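Structure, as structure tokens:
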Amino acid sequence: TGTAWFTDRLAGRCRIHSVLVRHRAPLVAQPGSGSGRLAQLRGMPRFGKSVLAQEFALRFASAFPGGVFWFDLHPAHDSPATTAMDIYAEQVAVVCHALDVDHARDTSLVRLLSRLAIRLGERGAPCLWVVDGLPDGLRDEELQLQRGPDLVACALLTTRSIRYGGFAETVEVAA
């Protein structure tokens, strides 16, 4: 239903949409801009990155008929014993189970994403892959796994880290 206190930020939601779906209309892409499908919301703590991502997912869900998949990596910030990648793998396994993707034999994140890519590809409808609370310090190969499992997926990441600037087109979130 959204957040009652969330107001405005229409420009931010439209900017996210433009970044994510640029590949569908390449003639309107601006020179020097990314190719689409991958955006990151970046800003300081408590600036509303997660809420903006939620509102975007709610308001623009019709652009992603394949579904919206939400992954919350914030618990990794509180528990050093559990890594963000462990949490992500658990949540991807839940999505696999929900979509009836065989995941019992192997819990390798790469294999889970591969099987999920097949299922989403069969469905053939664009989906939104939201990774909320991407922590600083992920290795490049771990970062690549955050993109979503298929070419029909657009990925929206939220992070405080400035290290991922070259990974995805950035939408700055200010107070």
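Here, A, B, ... name the chains of the structure tokens in the order displayed, residue numbers run from 1 inside each chain, and ligands are numbered from 1 in the same displayed order.
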
Handout entry: Shell of 8 Å around Ala153 (chain A), only C-alpha atoms, local chain residues under 2 positions omitted, as a PyMOL selection string
Key = chain A and resi 37+126-129+147-151+155

Handout entry: Test item: residues at most 12 Å from Ser108 (chain A), only C-alpha atoms, excluding those fewer than 5 positions along its chain, as a list in words
Key = Met85, Asp86, Tyr88, Ala89, Glu90, Val92, Ala93, His103, Leu113, Ser114, Arg115 and Leu145 of chain A

Could you write those residues out with N, CA, C and O atoms, as a PDB file, in the first residue's frame?
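Done, and the output landed in selection.pdb:
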```
ATOM      1  N   MET A  85      25.984 -12.215   1.287  1.00  0.00           N
ATOM      2  CA  MET A  85      25.795 -13.214   0.238  1.00  0.00           C
ATOM      3  C   MET A  85      25.032 -14.423   0.762  1.00  0.00           C
ATOM      4  O   MET A  85      24.261 -15.037   0.021  1.00  0.00           O
ATOM      5  N   ASP A  86      25.231 -14.787   2.037  1.00  0.00           N
ATOM      6  CA  ASP A  86      24.452 -15.875   2.636  1.00  0.00           C
ATOM      7  C   ASP A  86      22.969 -15.501   2.684  1.00  0.00           C
ATOM      8  O   ASP A  86      22.102 -16.305   2.352  1.00  0.00           O
ATOM      9  N   TYR A  88      21.451 -13.270   0.862  1.00  0.00           N
ATOM     10  CA  TYR A  88      20.958 -13.186  -0.516  1.00  0.00           C
ATOM     11  C   TYR A  88      20.641 -14.587  -1.050  1.00  0.00           C
ATOM     12  O   TYR A  88      19.588 -14.809  -1.640  1.00  0.00           O
ATOM     13  N   ALA A  89      21.540 -15.537  -0.822  1.00  0.00           N
ATOM     14  CA  ALA A  89      21.317 -16.913  -1.291  1.00  0.00           C
ATOM     15  C   ALA A  89      20.062 -17.512  -0.663  1.00  0.00           C
ATOM     16  O   ALA A  89      19.277 -18.181  -1.349  1.00  0.00           O
ATOM     17  N   GLU A  90      19.839 -17.275   0.617  1.00  0.00           N
ATOM     18  CA  GLU A  90      18.631 -17.773   1.284  1.00  0.00           C
ATOM     19  C   GLU A  90      17.381 -17.177   0.650  1.00  0.00           C
ATOM     20  O   GLU A  90      16.389 -17.874   0.422  1.00  0.00           O
ATOM     21  N   VAL A  92      17.077 -15.874  -2.399  1.00  0.00           N
ATOM     22  CA  VAL A  92      16.924 -16.387  -3.765  1.00  0.00           C
ATOM     23  C   VAL A  92      16.320 -17.788  -3.722  1.00  0.00           C
ATOM     24  O   VAL A  92      15.457 -18.124  -4.547  1.00  0.00           O
ATOM     25  N   ALA A  93      16.714 -18.600  -2.758  1.00  0.00           N
ATOM     26  CA  ALA A  93      16.145 -19.942  -2.610  1.00  0.00           C
ATOM     27  C   ALA A  93      14.646 -19.871  -2.330  1.00  0.00           C
ATOM     28  O   ALA A  93      13.871 -20.692  -2.834  1.00  0.00           O
ATOM     29  N   HIS A 103      15.405 -26.573  -6.501  1.00  0.00           N
ATOM     30  CA  HIS A 103      16.570 -26.015  -5.806  1.00  0.00           C
ATOM     31  C   HIS A 103      17.026 -26.896  -4.646  1.00  0.00           C
ATOM     32  O   HIS A 103      17.896 -26.520  -3.895  1.00  0.00           O
ATOM     33  N   LEU A 113      20.540 -19.024  -9.223  1.00  0.00           N
ATOM     34  CA  LEU A 113      20.249 -17.941 -10.166  1.00  0.00           C
ATOM     35  C   LEU A 113      20.128 -18.465 -11.596  1.00  0.00           C
ATOM     36  O   LEU A 113      19.292 -17.985 -12.369  1.00  0.00           O
ATOM     37  N   SER A 114      20.921 -19.454 -11.933  1.00  0.00           N
ATOM     38  CA  SER A 114      20.869 -20.041 -13.266  1.00  0.00           C
ATOM     39  C   SER A 114      19.525 -20.721 -13.501  1.00  0.00           C
ATOM     40  O   SER A 114      18.887 -20.532 -14.547  1.00  0.00           O
ATOM     41  N   ARG A 115      19.065 -21.497 -12.527  1.00  0.00           N
ATOM     42  CA  ARG A 115      17.765 -22.162 -12.660  1.00  0.00           C
ATOM     43  C   ARG A 115      16.626 -21.134 -12.694  1.00  0.00           C
ATOM     44  O   ARG A 115      15.657 -21.299 -13.425  1.00  0.00           O
ATOM     45  N   LEU A 145      26.416 -10.858  -9.267  1.00  0.00           N
ATOM     46  CA  LEU A 145      25.280 -11.726  -8.968  1.00  0.00           C
ATOM     47  C   LEU A 145      24.046 -10.940  -8.536  1.00  0.00           C
ATOM     48  O   LEU A 145      22.943 -11.494  -8.480  1.00  0.00           O
TER      49      LEU A 145
END
```

Exercise for the section: Write out as a list of chain:residue names the residues lying within 6 Å of Ala168 (chain A), counting only C-alpha atoms and excluding same-chain residues fewer than 4 positions away. Expected result: A:Leu38, A:Ala39, A:Gln40

Kindly save the residues from that selection, with all heavy atoms included, as an mmCIF file, in the first residue's frame.
```cif
data_model
loop_
_atom_site.group_PDB
_atom_site.id
_atom_site.type_symbol
_atom_site.label_atom_id
_atom_site.label_comp_id
_atom_site.auth_asym_id
_atom_site.auth_seq_id
_atom_site.Cartn_x
_atom_site.Cartn_y
_atom_site.Cartn_z
ATOM 1 N N LEU A 38 19.910 -1.554 -15.125
ATOM 2 C CA LEU A 38 20.612 -1.594 -13.840
ATOM 3 C C LEU A 38 20.777 -0.184 -13.285
ATOM 4 O O LEU A 38 21.393 0.663 -13.918
ATOM 5 C CB LEU A 38 21.983 -2.250 -14.032
ATOM 6 C CG LEU A 38 22.816 -2.526 -12.808
ATOM 7 C CD1 LEU A 38 22.098 -3.455 -11.830
ATOM 8 C CD2 LEU A 38 24.143 -3.163 -13.199
ATOM 9 N N ALA A 39 20.191 0.041 -12.118
ATOM 10 C CA ALA A 39 20.283 1.349 -11.470
ATOM 11 C C ALA A 39 20.569 1.148 -9.990
ATOM 12 O O ALA A 39 20.191 0.131 -9.410
ATOM 13 C CB ALA A 39 18.976 2.127 -11.635
ATOM 14 N N GLN A 40 21.234 2.121 -9.403
ATOM 15 C CA GLN A 40 21.453 2.080 -7.968
ATOM 16 C C GLN A 40 21.021 3.395 -7.342
ATOM 17 O O GLN A 40 21.272 4.466 -7.883
ATOM 18 C CB GLN A 40 22.914 1.778 -7.625
ATOM 19 C CG GLN A 40 23.904 2.842 -8.035
ATOM 20 C CD GLN A 40 25.303 2.518 -7.564
ATOM 21 O OE1 GLN A 40 25.506 2.099 -6.431
ATOM 22 N NE2 GLN A 40 26.269 2.698 -8.447
#
```

Exercise for the section: Could you pull out the residues in region 7-175 of chain A that DSSP calls alpha helix (DSSP H) from the backbone, as a ChimeraX atom specification? Expected result: /A:10-21,49-59,75-78,84-98,109-123,140-144

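If you count only C-alpha atoms and ignore residues fewer than 6 places along the chain from region 94-100 of chain A, what sits within 12 Å of it is A:Gly66, A:Gly67, A:Val68, A:Phe69, A:Trp70, A:Phe71, A:Ile87, A:Tyr88, A:Asp106, A:Thr107, A:Leu109, A:Arg111, A:Leu112, A:Leu113, A:Ser114, A:Arg115, A:Leu116, A:Ala117, A:Ile118, A:Arg119, A:Leu120, A:Glu122, A:Arg123, A:Trp129, A:Gly148, A:Pro149.
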
Saved selection, atoms kept: N, CA and C atoms, as a PDB file, in the first residue's frame:
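Everything below was put into again20.pdb:
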```pdb
ATOM      1  N   GLY A  66       6.382  -9.485 -15.175  1.00  0.00           N
ATOM      2  CA  GLY A  66       6.980 -10.734 -14.690  1.00  0.00           C
ATOM      3  C   GLY A  66       7.121 -10.772 -13.183  1.00  0.00           C
ATOM      4  N   GLY A  67       6.851  -9.643 -12.510  1.00  0.00           N
ATOM      5  CA  GLY A  67       6.877  -9.598 -11.055  1.00  0.00           C
ATOM      6  C   GLY A  67       7.967  -8.696 -10.516  1.00  0.00           C
ATOM      7  N   VAL A  68       7.834  -8.412  -9.235  1.00  0.00           N
ATOM      8  CA  VAL A  68       8.828  -7.640  -8.492  1.00  0.00           C
ATOM      9  C   VAL A  68       9.390  -8.573  -7.436  1.00  0.00           C
ATOM     10  N   PHE A  69      10.698  -8.730  -7.416  1.00  0.00           N
ATOM     11  CA  PHE A  69      11.384  -9.606  -6.467  1.00  0.00           C
ATOM     12  C   PHE A  69      12.246  -8.736  -5.562  1.00  0.00           C
ATOM     13  N   TRP A  70      12.008  -8.827  -4.259  1.00  0.00           N
ATOM     14  CA  TRP A  70      12.656  -7.945  -3.276  1.00  0.00           C
ATOM     15  C   TRP A  70      13.610  -8.754  -2.407  1.00  0.00           C
ATOM     16  N   PHE A  71      14.841  -8.283  -2.301  1.00  0.00           N
ATOM     17  CA  PHE A  71      15.861  -8.930  -1.478  1.00  0.00           C
ATOM     18  C   PHE A  71      16.400  -7.903  -0.492  1.00  0.00           C
ATOM     19  N   ILE A  87      22.699 -14.283   3.115  1.00  0.00           N
ATOM     20  CA  ILE A  87      21.324 -13.800   3.205  1.00  0.00           C
ATOM     21  C   ILE A  87      20.695 -13.752   1.814  1.00  0.00           C
ATOM     22  N   TYR A  88      21.451 -13.270   0.862  1.00  0.00           N
ATOM     23  CA  TYR A  88      20.958 -13.186  -0.516  1.00  0.00           C
ATOM     24  C   TYR A  88      20.641 -14.587  -1.050  1.00  0.00           C
ATOM     25  N   ASP A 106      20.975 -28.470  -4.811  1.00  0.00           N
ATOM     26  CA  ASP A 106      22.157 -27.627  -4.702  1.00  0.00           C
ATOM     27  C   ASP A 106      21.751 -26.236  -4.237  1.00  0.00           C
ATOM     28  N   THR A 107      22.446 -25.721  -3.271  1.00  0.00           N
ATOM     29  CA  THR A 107      22.121 -24.385  -2.778  1.00  0.00           C
ATOM     30  C   THR A 107      23.160 -23.346  -3.212  1.00  0.00           C
ATOM     31  N   LEU A 109      24.536 -20.343  -4.934  1.00  0.00           N
ATOM     32  CA  LEU A 109      23.846 -19.154  -5.419  1.00  0.00           C
ATOM     33  C   LEU A 109      23.896 -19.063  -6.937  1.00  0.00           C
ATOM     34  N   ARG A 111      24.077 -21.471  -9.105  1.00  0.00           N
ATOM     35  CA  ARG A 111      23.159 -22.458  -9.689  1.00  0.00           C
ATOM     36  C   ARG A 111      21.695 -22.070  -9.464  1.00  0.00           C
ATOM     37  N   LEU A 112      21.405 -21.532  -8.288  1.00  0.00           N
ATOM     38  CA  LEU A 112      20.039 -21.071  -8.028  1.00  0.00           C
ATOM     39  C   LEU A 112      19.640 -19.988  -9.027  1.00  0.00           C
ATOM     40  N   LEU A 113      20.540 -19.024  -9.223  1.00  0.00           N
ATOM     41  CA  LEU A 113      20.249 -17.941 -10.166  1.00  0.00           C
ATOM     42  C   LEU A 113      20.128 -18.465 -11.596  1.00  0.00           C
ATOM     43  N   SER A 114      20.921 -19.454 -11.933  1.00  0.00           N
ATOM     44  CA  SER A 114      20.869 -20.041 -13.266  1.00  0.00           C
ATOM     45  C   SER A 114      19.525 -20.721 -13.501  1.00  0.00           C
ATOM     46  N   ARG A 115      19.065 -21.497 -12.527  1.00  0.00           N
ATOM     47  CA  ARG A 115      17.765 -22.162 -12.660  1.00  0.00           C
ATOM     48  C   ARG A 115      16.626 -21.134 -12.694  1.00  0.00           C
ATOM     49  N   LEU A 116      16.771 -20.118 -11.896  1.00  0.00           N
ATOM     50  CA  LEU A 116      15.764 -19.058 -11.874  1.00  0.00           C
ATOM     51  C   LEU A 116      15.734 -18.308 -13.202  1.00  0.00           C
ATOM     52  N   ALA A 117      16.903 -18.110 -13.812  1.00  0.00           N
ATOM     53  CA  ALA A 117      16.973 -17.447 -15.122  1.00  0.00           C
ATOM     54  C   ALA A 117      16.201 -18.234 -16.168  1.00  0.00           C
ATOM     55  N   ILE A 118      16.306 -19.539 -16.110  1.00  0.00           N
ATOM     56  CA  ILE A 118      15.569 -20.379 -17.061  1.00  0.00           C
ATOM     57  C   ILE A 118      14.068 -20.186 -16.871  1.00  0.00           C
ATOM     58  N   ARG A 119      13.623 -20.230 -15.614  1.00  0.00           N
ATOM     59  CA  ARG A 119      12.183 -20.086 -15.345  1.00  0.00           C
ATOM     60  C   ARG A 119      11.676 -18.707 -15.775  1.00  0.00           C
ATOM     61  N   LEU A 120      12.415 -17.663 -15.414  1.00  0.00           N
ATOM     62  CA  LEU A 120      11.985 -16.315 -15.784  1.00  0.00           C
ATOM     63  C   LEU A 120      12.029 -16.121 -17.297  1.00  0.00           C
ATOM     64  N   GLU A 122      11.489 -18.436 -19.501  1.00  0.00           N
ATOM     65  CA  GLU A 122      10.320 -19.133 -20.038  1.00  0.00           C
ATOM     66  C   GLU A 122       9.075 -18.267 -19.940  1.00  0.00           C
ATOM     67  N   ARG A 123       8.986 -17.504 -18.866  1.00  0.00           N
ATOM     68  CA  ARG A 123       7.836 -16.628 -18.678  1.00  0.00           C
ATOM     69  C   ARG A 123       7.884 -15.462 -19.665  1.00  0.00           C
ATOM     70  N   TRP A 129      14.096  -6.679 -10.175  1.00  0.00           N
ATOM     71  CA  TRP A 129      14.915  -7.362  -9.183  1.00  0.00           C
ATOM     72  C   TRP A 129      15.476  -6.276  -8.268  1.00  0.00           C
ATOM     73  N   GLY A 148      20.385  -9.678 -11.116  1.00  0.00           N
ATOM     74  CA  GLY A 148      19.183 -10.415 -11.492  1.00  0.00           C
ATOM     75  C   GLY A 148      19.583 -11.559 -12.387  1.00  0.00           C
ATOM     76  N   PRO A 149      18.733 -12.559 -12.473  1.00  0.00           N
ATOM     77  CA  PRO A 149      19.139 -13.800 -13.118  1.00  0.00           C
ATOM     78  C   PRO A 149      18.906 -13.891 -14.618  1.00  0.00           C
TER      79      PRO A 149
END
```

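The closest residue to Ser161 (chain A), picked from A:Val21, A:Val101, A:Ala63, A:Leu41 and counting only C-alpha atoms, is A:Leu41.
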
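Here the question is which of A:Phe64, A:Arg46, A:Val51, A:His74 gets nearest to Ala125 (chain A) using only C-alpha atoms, and that residue is A:Phe64.
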
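The two atoms in question, CA of Ala61 (chain A) and CA of Leu138 (chain A), are spaced 28.5 Å apart.
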
Handout entry: Nearby residues (only C-alpha atoms) at most 8 Å from region 131-137 of chain A, same-chain spacing under 3 positions excluded, as a list in words
Key = Ser50, Trp70, Phe71, Asp72, Leu73, His74, Ala76, His77, Ala84, Gln146, Ala155, Leu156, Leu157, Thr158, Thr159, Arg160, Ser161 and Arg163 of chain A

Write a file of the selected residues as a compact mmCIF listing (two decimals), in the first residue's frame, keeping N, CA and C atoms.
```txt
# COMPACT_ATOMS: atom_id res chain seq x y z
N SER A 50 15.44 3.05 0.62
CA SER A 50 14.56 1.87 0.61
C SER A 50 13.12 2.25 0.34
N TRP A 70 12.01 -8.83 -4.26
CA TRP A 70 12.66 -7.94 -3.28
C TRP A 70 13.61 -8.75 -2.41
N PHE A 71 14.84 -8.28 -2.30
CA PHE A 71 15.86 -8.93 -1.48
C PHE A 71 16.40 -7.90 -0.49
N ASP A 72 16.32 -8.23 0.79
CA ASP A 72 16.72 -7.30 1.85
C ASP A 72 18.02 -7.77 2.47
N LEU A 73 19.10 -7.03 2.21
CA LEU A 73 20.42 -7.40 2.74
C LEU A 73 20.77 -6.63 4.01
N HIS A 74 19.84 -5.85 4.54
CA HIS A 74 20.11 -5.10 5.77
C HIS A 74 20.49 -5.96 6.96
N ALA A 76 22.52 -8.22 7.19
CA ALA A 76 23.97 -8.45 7.16
C ALA A 76 24.73 -7.32 7.85
N HIS A 77 24.13 -6.14 7.90
CA HIS A 77 24.77 -5.00 8.56
C HIS A 77 24.80 -5.21 10.08
N ALA A 84 26.27 -10.96 3.73
CA ALA A 84 25.23 -10.50 2.82
C ALA A 84 24.95 -11.54 1.75
N GLN A 146 24.20 -9.65 -8.26
CA GLN A 146 23.09 -8.82 -7.82
C GLN A 146 22.25 -8.31 -8.99
N ALA A 155 17.39 -4.49 -12.65
CA ALA A 155 17.80 -4.52 -11.25
C ALA A 155 17.90 -3.11 -10.69
N LEU A 156 17.35 -2.95 -9.49
CA LEU A 156 17.43 -1.70 -8.74
C LEU A 156 18.10 -2.02 -7.41
N LEU A 157 19.23 -1.38 -7.16
CA LEU A 157 20.00 -1.62 -5.95
C LEU A 157 19.95 -0.38 -5.07
N THR A 158 19.94 -0.59 -3.75
CA THR A 158 20.10 0.55 -2.84
C THR A 158 21.38 0.32 -2.05
N THR A 159 22.15 1.38 -1.90
CA THR A 159 23.43 1.25 -1.20
C THR A 159 23.89 2.60 -0.66
N ARG A 160 24.75 2.53 0.32
CA ARG A 160 25.43 3.72 0.83
C ARG A 160 26.82 3.85 0.20
N SER A 161 27.28 2.78 -0.38
CA SER A 161 28.65 2.70 -0.87
C SER A 161 28.87 3.52 -2.13
N ARG A 163 31.64 2.87 -3.79
CA ARG A 163 32.53 1.99 -4.54
C ARG A 163 31.89 1.40 -5.79
```

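Interatomic distance, CA of Gln144 (chain A) to CA of Phe167 (chain A): 8.5 Å.
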
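CA of Lys49 (chain A) is found 18.1 Å from CA of Asp78 (chain A).
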
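Residue nearest Ala174 (chain A), chosen from A:Gly12, A:Asp102, A:Gly43, A:Pro65 and counting only C-alpha atoms: A:Gly43.
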